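The data block below is structure12.pdb; it holds PDB, C-alpha atoms and all ligand atoms.
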```
MODEL        1
ATOM      1  CA  MET A   1      -5.460  24.490  52.231
ATOM      2  CA  ARG A   2      -4.722  21.533  54.417
ATOM      3  CA  SER A   3      -7.262  22.539  57.084
ATOM      4  CA  GLU A   4      -9.890  23.210  54.410
ATOM      5  CA  ALA A   5      -9.326  19.765  53.001
ATOM      6  CA  LEU A   6      -9.614  18.260  56.457
ATOM      7  CA  SER A   7     -12.746  20.222  57.304
ATOM      8  CA  PHE A   8     -14.305  18.777  54.146
ATOM      9  CA  LEU A   9     -13.979  15.431  55.842
ATOM     10  CA  GLY A  10     -16.402  16.575  58.468
ATOM     11  CA  LYS A  11     -19.084  14.451  60.018
ATOM     12  CA  GLY A  12     -21.497  14.981  57.134
ATOM     13  CA  HIS A  13     -19.122  13.849  54.414
ATOM     14  CA  PHE A  14     -16.741  11.416  55.980
ATOM     15  CA  VAL A  15     -18.877   8.284  56.122
ATOM     16  CA  PRO A  16     -20.279   8.395  52.551
ATOM     17  CA  LEU A  17     -16.813   9.342  51.278
ATOM     18  CA  LEU A  18     -15.204   6.438  53.092
ATOM     19  CA  LEU A  19     -17.833   4.058  51.653
ATOM     20  CA  GLY A  20     -17.232   5.475  48.171
ATOM     21  CA  VAL A  21     -13.496   4.950  48.470
ATOM     22  CA  LEU A  22     -14.044   1.359  49.637
ATOM     23  CA  VAL A  23     -16.411   0.679  46.707
ATOM     24  CA  LEU A  24     -13.913   2.186  44.263
ATOM     25  CA  PHE A  25     -11.021   0.134  45.524
ATOM     26  CA  SER A  26     -12.853  -3.113  46.070
ATOM     27  CA  GLY A  27     -12.659  -3.862  42.316
ATOM     28  CA  SER A  28      -8.921  -3.523  42.190
ATOM     29  CA  PHE A  29      -8.022  -5.721  45.146
ATOM     30  CA  PRO A  30      -6.994  -9.229  44.120
ATOM     31  CA  ARG A  31      -9.549 -11.740  45.154
ATOM     32  CA  GLU A  32      -8.840 -15.281  46.113
ATOM     33  CA  SER A  33     -10.303 -17.408  43.365
ATOM     34  CA  PRO A  34      -9.594 -20.887  42.037
ATOM     35  CA  ALA A  35      -7.641 -19.298  39.166
ATOM     36  CA  SER A  36      -5.336 -17.272  41.372
ATOM     37  CA  VAL A  37      -4.823 -20.265  43.674
ATOM     38  CA  ARG A  38      -3.671 -22.265  40.680
ATOM     39  CA  GLU A  39      -1.309 -19.466  39.700
ATOM     40  CA  VAL A  40       0.495 -19.728  43.014
ATOM     41  CA  HIS A  41       1.505 -23.270  42.119
ATOM     42  CA  ARG A  42       2.841 -22.445  38.651
ATOM     43  CA  PRO A  43       6.524 -23.266  38.193
ATOM     44  CA  ALA A  44       8.735 -20.234  38.657
ATOM     45  CA  VAL A  45       9.765 -18.493  35.417
ATOM     46  CA  ALA A  46      13.411 -17.454  35.095
ATOM     47  CA  PRO A  47      13.809 -13.658  35.029
ATOM     48  CA  VAL A  48      14.172 -12.231  31.533
ATOM     49  CA  PRO A  49      17.631 -10.675  31.159
ATOM     50  CA  ARG A  50      17.635  -6.996  30.182
ATOM     51  CA  GLY A  51      19.483  -5.640  27.179
ATOM     52  CA  PRO A  52      19.285  -6.502  23.493
ATOM     53  CA  SER A  53      16.756  -9.264  23.076
ATOM     54  CA  ARG A  54      17.814 -12.497  21.515
ATOM     55  CA  VAL A  55      15.149 -14.756  20.074
ATOM     56  CA  LEU A  56      15.864 -18.378  19.411
ATOM     57  CA  LEU A  57      13.670 -19.850  16.712
ATOM     58  CA  GLU A  58      13.097 -23.468  16.008
ATOM     59  CA  GLU A  59      15.303 -24.868  13.317
ATOM     60  CA  GLN A  60      13.639 -24.358   9.945
ATOM     61  CA  THR A  61      14.360 -25.262   6.378
ATOM     62  CA  LEU A  62      14.256 -22.178   4.170
ATOM     63  CA  ARG A  63      12.891 -22.733   0.705
ATOM     64  CA  PRO A  64      13.484 -20.257  -2.105
ATOM     65  CA  ALA A  65      10.404 -18.545  -3.500
ATOM     66  CA  GLN A  66       8.699 -20.531  -6.232
ATOM     67  CA  GLY A  67       8.883 -18.354  -9.325
ATOM     68  CA  PRO A  68       8.657 -19.347 -12.971
ATOM     69  CA  LEU A  69      12.424 -19.880 -13.031
ATOM     70  CA  ALA A  70      12.592 -22.119  -9.982
ATOM     71  CA  ASN A  71      14.418 -25.396 -10.552
ATOM     72  CA  LEU A  72      15.514 -24.496 -14.083
ATOM     73  CA  SER A  73      19.093 -24.827 -15.229
ATOM     74  CA  PRO A  74      20.822 -21.872 -16.907
ATOM     75  CA  LYS A  75      20.560 -23.689 -20.251
ATOM     76  CA  GLU A  76      16.831 -24.241 -19.825
ATOM     77  CA  ILE A  77      16.320 -20.573 -18.903
ATOM     78  CA  GLN A  78      18.304 -19.476 -21.924
ATOM     79  CA  ALA A  79      16.191 -21.682 -24.162
ATOM     80  CA  LEU A  80      12.944 -20.306 -22.693
ATOM     81  CA  VAL A  81      14.076 -16.704 -23.151
ATOM     82  CA  ALA A  82      14.875 -17.425 -26.789
ATOM     83  CA  THR A  83      11.844 -19.521 -27.693
ATOM     84  CA  ASN A  84       9.068 -19.252 -25.125
ATOM     85  CA  LEU A  85       9.296 -15.983 -23.250
ATOM     86  CA  SER A  86       5.542 -15.975 -22.601
ATOM     87  CA  SER A  87       5.898 -19.028 -20.334
ATOM     88  CA  LEU A  88       7.863 -16.918 -17.834
ATOM     89  CA  GLY A  89       4.905 -14.771 -16.782
ATOM     90  CA  PRO A  90       4.970 -10.986 -16.312
ATOM     91  CA  ILE A  91       8.477  -9.512 -16.257
ATOM     92  CA  SER A  92       9.072  -5.975 -15.006
ATOM     93  CA  VAL A  93      12.393  -4.969 -16.527
ATOM     94  CA  GLY A  94      14.517  -2.080 -15.319
ATOM     95  CA  ARG A  95      12.998   0.815 -13.425
ATOM     96  CA  PRO A  96       9.544   2.413 -13.618
ATOM     97  CA  ASN A  97      11.093   5.490 -15.247
ATOM     98  CA  ARG A  98      13.395   3.544 -17.542
ATOM     99  CA  GLY A  99      12.039   0.105 -18.054
ATOM    100  CA  ARG A 100       9.934  -2.262 -19.976
ATOM    101  CA  LEU A 101       7.136  -4.727 -19.443
ATOM    102  CA  ILE A 102       7.144  -8.237 -20.853
ATOM    103  CA  ASN A 103       4.099 -10.508 -20.709
ATOM    104  CA  GLY A 104       2.063  -7.771 -19.065
ATOM    105  CA  VAL A 105      -1.407  -8.574 -17.729
ATOM    106  CA  SER A 106      -4.271  -6.540 -19.121
ATOM    107  CA  LEU A 107      -6.520  -5.066 -16.443
ATOM    108  CA  PRO A 108      -9.908  -6.645 -17.159
ATOM    109  CA  GLN A 109     -12.948  -4.456 -17.634
ATOM    110  CA  VAL A 110     -14.882  -5.699 -14.609
ATOM    111  CA  GLY A 111     -17.796  -4.067 -12.826
ATOM    112  CA  GLY A 112     -16.756  -1.124 -10.722
ATOM    113  CA  LEU A 113     -13.969  -0.037 -13.056
ATOM    114  CA  GLU A 114     -13.854   2.225 -16.043
ATOM    115  CA  ILE A 115     -10.638   1.854 -17.995
ATOM    116  CA  MET A 116      -9.838   5.137 -19.684
ATOM    117  CA  ASN A 117      -7.426   3.776 -22.308
ATOM    118  CA  SER A 118      -7.405   0.086 -23.191
ATOM    119  CA  GLU A 119      -3.970   0.371 -24.818
ATOM    120  CA  ARG A 120      -2.460   1.589 -21.592
ATOM    121  CA  ASN A 121      -3.906  -0.856 -19.075
ATOM    122  CA  PHE A 122      -1.092  -3.418 -18.801
ATOM    123  CA  GLY A 123       0.592  -4.199 -15.530
ATOM    124  CA  THR A 124       2.340  -6.969 -13.674
ATOM    125  CA  ARG A 125       0.265  -9.647 -11.950
ATOM    126  CA  ALA A 126       0.633  -8.037  -8.497
ATOM    127  CA  THR A 127      -0.345  -4.607  -9.864
ATOM    128  CA  VAL A 128      -3.499  -5.878 -11.543
ATOM    129  CA  ASP A 129      -4.551  -8.286  -8.806
ATOM    130  CA  SER A 130      -3.941  -5.816  -5.973
ATOM    131  CA  LEU A 131      -6.003  -3.184  -7.733
ATOM    132  CA  LEU A 132      -8.881  -5.564  -8.456
ATOM    133  CA  ALA A 133      -8.896  -6.862  -4.883
ATOM    134  CA  ALA A 134      -8.883  -3.359  -3.386
ATOM    135  CA  VAL A 135     -11.743  -2.159  -5.588
ATOM    136  CA  ALA A 136     -13.743  -5.306  -4.790
ATOM    137  CA  GLU A 137     -13.205  -4.631  -1.099
ATOM    138  CA  VAL A 138     -14.537  -1.076  -1.377
ATOM    139  CA  ARG A 139     -17.584  -2.293  -3.304
ATOM    140  CA  ALA A 140     -18.280  -5.028  -0.758
ATOM    141  CA  LYS A 141     -18.173  -2.448   2.024
ATOM    142  CA  TYR A 142     -20.241   0.164   0.162
ATOM    143  CA  PRO A 143     -22.658  -1.562  -2.233
ATOM    144  CA  ASN A 144     -23.699   1.562  -4.164
ATOM    145  CA  THR A 145     -20.211   2.601  -5.140
ATOM    146  CA  PRO A 146     -19.804   4.336  -8.505
ATOM    147  CA  VAL A 147     -17.165   3.190 -10.993
ATOM    148  CA  LEU A 148     -13.542   3.918 -10.267
ATOM    149  CA  ARG A 149     -11.814   5.398 -13.261
ATOM    150  CA  VAL A 150      -8.447   3.881 -14.061
ATOM    151  CA  GLY A 151      -6.069   6.059 -16.054
ATOM    152  CA  ASP A 152      -2.767   4.922 -17.482
ATOM    153  CA  ILE A 153      -0.904   1.875 -16.227
ATOM    154  CA  SER A 154       1.622   0.863 -18.937
ATOM    155  CA  ARG A 155       1.540  -0.008 -22.611
ATOM    156  CA  ALA A 156       1.709  -3.735 -23.420
ATOM    157  CA  PRO A 157       5.464  -3.593 -24.080
ATOM    158  CA  GLY A 158       6.002  -0.956 -21.390
ATOM    159  CA  GLY A 159       8.561   1.724 -22.102
ATOM    160  CA  TYR A 160       8.137   5.453 -22.411
ATOM    161  CA  MET A 161       4.609   6.772 -22.669
ATOM    162  CA  ARG A 162       3.739  10.440 -22.884
ATOM    163  CA  PRO A 163       3.284  12.426 -20.680
ATOM    164  CA  HIS A 164       4.689  10.258 -17.900
ATOM    165  CA  ARG A 165       8.186   9.752 -16.656
ATOM    166  CA  SER A 166       7.322   6.465 -14.968
ATOM    167  CA  HIS A 167       4.553   4.017 -15.998
ATOM    168  CA  GLN A 168       7.170   2.094 -17.994
ATOM    169  CA  SER A 169       7.368  -1.276 -16.237
ATOM    170  CA  GLY A 170       3.814  -2.213 -15.257
ATOM    171  CA  LEU A 171       4.033  -0.974 -11.684
ATOM    172  CA  ASP A 172       2.375   2.474 -11.863
ATOM    173  CA  VAL A 173      -1.347   3.136 -11.967
ATOM    174  CA  ASP A 174      -3.251   6.419 -12.155
ATOM    175  CA  LEU A 175      -6.541   6.196 -10.307
ATOM    176  CA  GLY A 176      -9.416   8.608 -10.105
ATOM    177  CA  TYR A 177     -10.883   9.626  -6.774
ATOM    178  CA  TYR A 178     -14.362   8.564  -5.747
ATOM    179  CA  TYR A 179     -16.618  11.597  -5.924
ATOM    180  CA  ALA A 180     -19.755  12.310  -3.947
ATOM    181  CA  VAL A 181     -21.267  13.985  -6.997
ATOM    182  CA  ASP A 182     -21.423  13.046 -10.653
ATOM    183  CA  ALA A 183     -17.962  13.997 -11.875
ATOM    184  CA  ARG A 184     -15.904  13.447 -15.002
ATOM    185  CA  TRP A 185     -12.479  11.836 -15.170
ATOM    186  CA  TYR A 186      -9.836  14.348 -14.159
ATOM    187  CA  THR A 187     -12.127  16.417 -11.954
ATOM    188  CA  LYS A 188     -10.147  18.221  -9.261
ATOM    189  CA  ALA A 189     -10.992  16.760  -5.860
ATOM    190  CA  ASN A 190     -12.091  19.230  -3.207
ATOM    191  CA  ALA A 191     -13.967  19.353   0.094
ATOM    192  CA  GLU A 192     -17.336  19.548  -1.706
ATOM    193  CA  ASN A 193     -16.945  16.737  -4.222
ATOM    194  CA  LEU A 194     -14.512  14.196  -2.725
ATOM    195  CA  ASP A 195     -16.171  11.043  -1.425
ATOM    196  CA  ARG A 196     -13.832  10.736   1.511
ATOM    197  CA  GLU A 197     -15.390   7.555   2.841
ATOM    198  CA  ARG A 198     -14.946   5.510  -0.349
ATOM    199  CA  THR A 199     -11.634   7.066  -1.352
ATOM    200  CA  TRP A 200     -10.230   6.389   2.110
ATOM    201  CA  ALA A 201     -11.577   2.820   1.963
ATOM    202  CA  LEU A 202      -9.787   2.397  -1.380
ATOM    203  CA  VAL A 203      -6.506   3.805  -0.065
ATOM    204  CA  GLU A 204      -6.759   1.596   3.013
ATOM    205  CA  ALA A 205      -7.551  -1.506   0.946
ATOM    206  CA  LEU A 206      -4.673  -0.830  -1.458
ATOM    207  CA  ILE A 207      -2.233  -0.498   1.413
ATOM    208  CA  ALA A 208      -3.641  -3.620   3.081
ATOM    209  CA  GLN A 209      -2.927  -5.599  -0.103
ATOM    210  CA  GLY A 210       0.732  -5.147   0.748
ATOM    211  CA  SER A 211       2.044  -4.430  -2.761
ATOM    212  CA  VAL A 212       1.927  -0.627  -2.612
ATOM    213  CA  GLU A 213       5.295   1.067  -2.492
ATOM    214  CA  TYR A 214       3.866   4.590  -2.351
ATOM    215  CA  MET A 215       1.144   6.880  -3.630
ATOM    216  CA  PHE A 216       1.399  10.385  -5.047
ATOM    217  CA  MET A 217      -1.508  12.532  -3.939
ATOM    218  CA  ASP A 218      -1.944  16.278  -3.747
ATOM    219  CA  ARG A 219      -1.521  17.659  -0.245
ATOM    220  CA  SER A 220      -5.044  19.100  -0.095
ATOM    221  CA  ALA A 221      -6.597  15.704  -0.896
ATOM    222  CA  GLN A 222      -4.296  14.150   1.703
ATOM    223  CA  THR A 223      -5.604  16.609   4.306
ATOM    224  CA  LEU A 224      -9.230  15.719   3.560
ATOM    225  CA  LEU A 225      -8.551  11.979   3.769
ATOM    226  CA  ARG A 226      -6.402  12.305   6.856
ATOM    227  CA  GLU A 227      -9.131  14.250   8.672
ATOM    228  CA  HIS A 228     -11.681  11.655   7.628
ATOM    229  CA  ALA A 229      -9.495   8.769   8.765
ATOM    230  CA  LEU A 230      -8.951  10.321  12.204
ATOM    231  CA  ALA A 231     -12.650  11.235  12.579
ATOM    232  CA  SER A 232     -13.623   7.657  11.764
ATOM    233  CA  GLY A 233     -11.504   6.351  14.617
ATOM    234  CA  GLU A 234      -8.350   5.134  12.882
ATOM    235  CA  SER A 235      -5.247   4.991  15.056
ATOM    236  CA  PRO A 236      -3.641   8.483  14.964
ATOM    237  CA  GLU A 237      -0.181   6.935  15.091
ATOM    238  CA  TRP A 238      -0.871   4.758  12.049
ATOM    239  CA  VAL A 239      -2.555   7.590  10.129
ATOM    240  CA  ASP A 240       0.319   9.982  10.911
ATOM    241  CA  GLY A 241       2.782   7.444   9.608
ATOM    242  CA  LEU A 242       0.939   7.062   6.296
ATOM    243  CA  PHE A 243       0.772  10.704   5.273
ATOM    244  CA  GLN A 244       3.709  12.843   4.323
ATOM    245  CA  LYS A 245       4.439  15.600   6.820
ATOM    246  CA  ALA A 246       7.575  17.137   5.350
ATOM    247  CA  PRO A 247       8.804  16.951   1.750
ATOM    248  CA  ARG A 248      11.354  14.262   2.469
ATOM    249  CA  THR A 249       9.581  11.830   4.751
ATOM    250  CA  GLU A 250       9.318   8.285   3.531
ATOM    251  CA  ALA A 251       5.569   8.107   4.111
ATOM    252  CA  ILE A 252       3.526   5.919   1.754
ATOM    253  CA  ILE A 253       1.254   8.810   0.724
ATOM    254  CA  ARG A 254       3.381  11.627  -0.698
ATOM    255  CA  HIS A 255       2.608  14.989  -2.214
ATOM    256  CA  THR A 256       3.454  15.667  -5.829
ATOM    257  CA  TRP A 257       2.064  18.491  -7.879
ATOM    258  CA  GLY A 258      -0.568  17.439 -10.442
ATOM    259  CA  HIS A 259      -2.247  14.775  -8.337
ATOM    260  CA  LEU A 260      -5.493  16.476  -7.407
ATOM    261  CA  THR A 261      -7.315  15.145 -10.488
ATOM    262  CA  HIS A 262      -6.132  11.586  -9.851
ATOM    263  CA  PHE A 263      -3.639   9.831  -7.639
ATOM    264  CA  HIS A 264      -0.721   7.678  -8.663
ATOM    265  CA  VAL A 265       0.003   4.326  -7.070
ATOM    266  CA  ARG A 266       3.409   2.668  -7.387
ATOM    267  CA  PHE A 267       3.226  -1.049  -6.764
ATOM    268  CA  SER A 268       6.061  -3.458  -6.227
ATOM    269  CA  ASP A 269       5.995  -6.965  -7.636
ATOM    270  CA  PRO A 270       8.821  -9.095  -6.267
ATOM    271  CA  GLU A 271       8.083 -11.915  -8.691
ATOM    272  CA  ALA A 272       7.950  -9.861 -11.911
ATOM    273  CA  GLN A 273      10.919  -7.726 -10.847
ATOM    274  CA  GLY A 274      12.812 -10.767  -9.581
ATOM    275  CA  THR A 275      12.280 -12.632 -12.853
ATOM    276  CA  ALA A 276      13.776  -9.680 -14.749
ATOM    277  CA  ARG A 277      16.815  -9.631 -12.474
ATOM    278  CA  LYS A 278      17.303 -13.376 -12.835
ATOM    279  CA  LEU A 279      17.028 -13.146 -16.607
ATOM    280  CA  ALA A 280      19.453 -10.265 -16.964
ATOM    281  CA  PRO A 281      22.611 -12.377 -17.281
ATOM    282  CA  TYR A 282      21.044 -14.580 -19.948
ATOM    283  CA  SER A 283      19.264 -12.158 -22.133
ATOM    284  CA  ARG A 284      21.003  -9.739 -24.343
ATOM    285  CA  GLY A 285      17.554  -9.679 -25.929
ATOM    286  CA  LEU A 286      15.887  -8.265 -22.820
ATOM    287  CA  ALA A 287      18.502  -5.536 -22.496
ATOM    288  CA  LEU A 288      18.135  -4.575 -26.137
ATOM    289  CA  ALA A 289      14.371  -4.520 -25.823
ATOM    290  CA  THR A 290      14.652  -2.171 -22.840
ATOM    291  CA  ALA A 291      16.870   0.213 -24.788
ATOM    292  CA  LYS A 292      14.429   0.095 -27.696
ATOM    293  CA  ALA A 293      11.439   0.865 -25.470
ATOM    294  CA  ALA A 294      13.266   3.822 -23.928
ATOM    295  CA  ALA A 295      14.309   5.220 -27.292
ATOM    296  CA  PRO A 296      11.095   7.209 -28.011
ATOM    297  CA  LYS A 297      11.787   9.232 -24.881
ATOM    298  CA  ARG A 298      15.166  10.312 -26.179
ATOM    299  CA  ARG A 299      13.614  11.148 -29.527
ATOM    300  CA  ALA A 300      10.871  13.165 -27.797
ATOM    301  CA  GLN A 301      13.444  15.065 -25.761
ATOM    302  CA  ALA A 302      15.499  15.800 -28.896
ATOM    303  CA  LYS A 303      12.329  17.076 -30.578
ATOM    304  CA  LEU A 304      11.620  19.364 -27.622
ATOM    305  CA  ARG A 305      15.156  20.713 -27.763
ATOM    306  CA  ARG A 306      14.706  21.451 -31.447
ATOM    307  CA  ARG A 307      11.603  23.574 -30.753
TER
HETATM  308 ZN    ZN B 401       0.940   8.403 -12.821
ENDMDL
END
```
Rewrite the structure of this file - the entire thing - as structure tokens.
Ligand SMILES: [Zn+2]
Amino acid sequence: MRSEALSFLGKGHFVPLLLGVLVLFSGSFPRESPASVREVHRPAVAPVPRGPSRVLLEEQTLRPAQGPLANLSPKEIQALVATNLSSLGPISVGRPNRGRLINGVSLPQVGGLEIMNSERNFGTRATVDSLLAAVAEVRAKYPNTPVLRVGDISRAPGGYMRPHRSHQSGLDVDLGYYYAVDARWYTKANAENLDRERTWALVEALIAQGSVEYMFMDRSAQTLLREHALASGESPEWVDGLFQKAPRTEAIIRHTWGHLTHFHVRFSDPEAQGTARKLAPYSRGLALATAKAAAPKRRAQAKLRRR
């Protein structure tokens, strides 16, 4: 082998090869330039110690988040709860599967949306605003985008709503897919009808809004979107992290049966949830209201048991 390699460097090849090697390497040799001359005179930087990094930040004053209850005394809060609850803005009480919504925001019927049930389109401010912003982003990117159908969010007072377990506290939204063909609400998405480009743009925009906790989406729809995302040049590492690989990963996009006709988005709203937590010690009323809103569920379960 060695002699063959050497014989390749015979008279005929050696000179052009040598020139080629010089041309190749000439770009990587440091050249003396005014910039590199200046670098020589930079003050020496102390070597960075290895091991756990320690970052020293400038001294800062931390201010608590400005919510509707900021700067109010316990007495003032108590008075507002009793007499002017609406001044406290949206309040997401309890948990999405055992909770209640106070001062919910109605999702407006704007262009690009079709609200499927106007009695079930109440959410917290972050839920509604994030959804509107994401849809607007898709429509700005793709001008001829059909309407996005919005299924259930929550009822105005929140609480149990058939047939859902969650959707009780203004944080859950059922969204249709974008279809490449004319399709009704609750059409099963598949490789022929799913508008991968727009649906992926919507998913991406929702996540970019920063208020999405997770999404429930059937595995087969996930596969189609994942393939599209990778084919359109998204970072494989980022895409892999978004989609669920095994049943128990904490990926944002998770598989749950029944989500091929629509997908479910769970938002988080630190302000509306935080207000509820802050009000809890003051408001026997809020606690009672939560129990009342959850009551129909117990009645429904009792009815089922009777059948
Ligand atoms: Zn849902």
For this session: Please return, as a ChimeraX atom specification, all polymer residues that have at least one atom within 10 Å of the point (-10.6, 5.1, -13.0); use all atoms listed in the file and the file's own coordinate frame.
Result: /A:112-117,147-152,173-178,185-186,262-263
For this session: Step by step, work through what the PyMOL selection byres (((not hetatm)) within 12 of (chain B and resi 401)) selects in the shown file, and finish by giving those residues as number ranges by chain.
Result: A: 96-97, 120, 150-154, 161-168, 170-176, 214-217, 256-267
Exercise. Which residue gives the smallest distance to Gly159 (chain A) among A:Leu230, A:Ala126, A:Ala134, A:Ile102, with all atoms listed in the file counted?
Worked result: A:Ile102
Determine the residue membership of the PyMOL selection byres (((chain A and resi 248-252) around 10) and not hetatm) for the file above and supply it as a PDB file with C-alpha atoms, in the frame of the given file.
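Listing of out26.pdb after writing:
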```
ATOM      1  CA  ILE A 207      -2.233  -0.498   1.413  1.00  0.00           C
ATOM      2  CA  VAL A 212       1.927  -0.627  -2.612  1.00  0.00           C
ATOM      3  CA  GLU A 213       5.295   1.067  -2.492  1.00  0.00           C
ATOM      4  CA  TYR A 214       3.866   4.590  -2.351  1.00  0.00           C
ATOM      5  CA  MET A 215       1.144   6.880  -3.630  1.00  0.00           C
ATOM      6  CA  PHE A 216       1.399  10.385  -5.047  1.00  0.00           C
ATOM      7  CA  ASP A 240       0.319   9.982  10.911  1.00  0.00           C
ATOM      8  CA  GLY A 241       2.782   7.444   9.608  1.00  0.00           C
ATOM      9  CA  LEU A 242       0.939   7.062   6.296  1.00  0.00           C
ATOM     10  CA  PHE A 243       0.772  10.704   5.273  1.00  0.00           C
ATOM     11  CA  GLN A 244       3.709  12.843   4.323  1.00  0.00           C
ATOM     12  CA  LYS A 245       4.439  15.600   6.820  1.00  0.00           C
ATOM     13  CA  ALA A 246       7.575  17.137   5.350  1.00  0.00           C
ATOM     14  CA  PRO A 247       8.804  16.951   1.750  1.00  0.00           C
ATOM     15  CA  ILE A 253       1.254   8.810   0.724  1.00  0.00           C
ATOM     16  CA  ARG A 254       3.381  11.627  -0.698  1.00  0.00           C
ATOM     17  CA  HIS A 255       2.608  14.989  -2.214  1.00  0.00           C
ATOM     18  CA  VAL A 265       0.003   4.326  -7.070  1.00  0.00           C
ATOM     19  CA  ARG A 266       3.409   2.668  -7.387  1.00  0.00           C
TER      20      ARG A 266
END
```
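Minimum distance to Ser169 (chain A) across A:Leu279, A:Ala156, A:Ala221, A:Leu85 (counting all atoms listed in the file) occurs at A:Ala156.
Take the candidates A:Arg125, A:Arg184, A:Arg139, A:Lys278 and check each one against Gly111 (chain A) using all atoms listed in the file; the shortest distance goes to A:Arg139.
Atom to atom, CA of Glu76 (chain A) and CA of Ile91 (chain A) stand 17.3 Å apart.
The space separating CA of Gly123 (chain A) from CA of Gly67 (chain A) comes to 17.5 Å.
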For this session: Give me the result of the PyMOL selection byres (((chain A and resi 228) around 12) and not hetatm) on this file, residue by residue, as a list in words.
Result: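 Written out, the selection comes to Ala191, Leu194, Asp195, Arg196, Glu197, Arg198, Thr199, Trp200, Ala201, Ala221, Gln222, Thr223, Leu224, Leu225, Arg226, Glu227, Ala229, Leu230, Ala231, Ser232, Gly233, Glu234, Ser235, Pro236 and Val239 of chain A.
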Exercise. Between A:Leu88, A:Ala272, A:Leu132, A:Val93, which has the minimum distance to Leu107 (chain A) (counting only C-alpha atoms)?
Worked result: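 Selected residue with least distance to Leu107 (chain A): A:Leu132.
CA of Tyr160 (chain A) is found 27.5 Å from CA of Ile77 (chain A).
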For this session: May I ask which of the residues A:Ala276, A:Val81, A:Ala180, A:Leu72 is the closest one to Asn144 (chain A), counting only C-alpha atoms?
Result: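 Ranking A:Ala276, A:Val81, A:Ala180, A:Leu72 by distance to Asn144 (chain A), first place goes to A:Ala180.
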Exercise. Hey, what's within 10 Å of Asp182 (chain A) if we count all atoms listed in the file and toss same-chain stuff fewer than 5 positions away? As an MDAnalysis selection string, please?
Worked result: chainID A and resid 146 187 193
Atoms to include: C-alpha atoms. Write the selected residues as a CSV table (one decimal), in the frame of the given file.
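Once everything was written out, this is result_35.csv:
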```csv
chain,number,residue,atom,x,y,z
A,146,PRO,CA,-19.8,4.3,-8.5
A,187,THR,CA,-12.1,16.4,-12.0
A,193,ASN,CA,-16.9,16.7,-4.2
```
Determine the axis-aligned bounding box of all atoms of region 212-231 of chain A present in the file, pad each side by 8 Å, and express its centre and edge lengths in Å to one decimal place as lines of an AutoDock Vina configuration file.
```
center_x = -3.7
center_y = 9.2
center_z = 3.8
size_x = 33.9
size_y = 35.7
size_z = 33.6
```
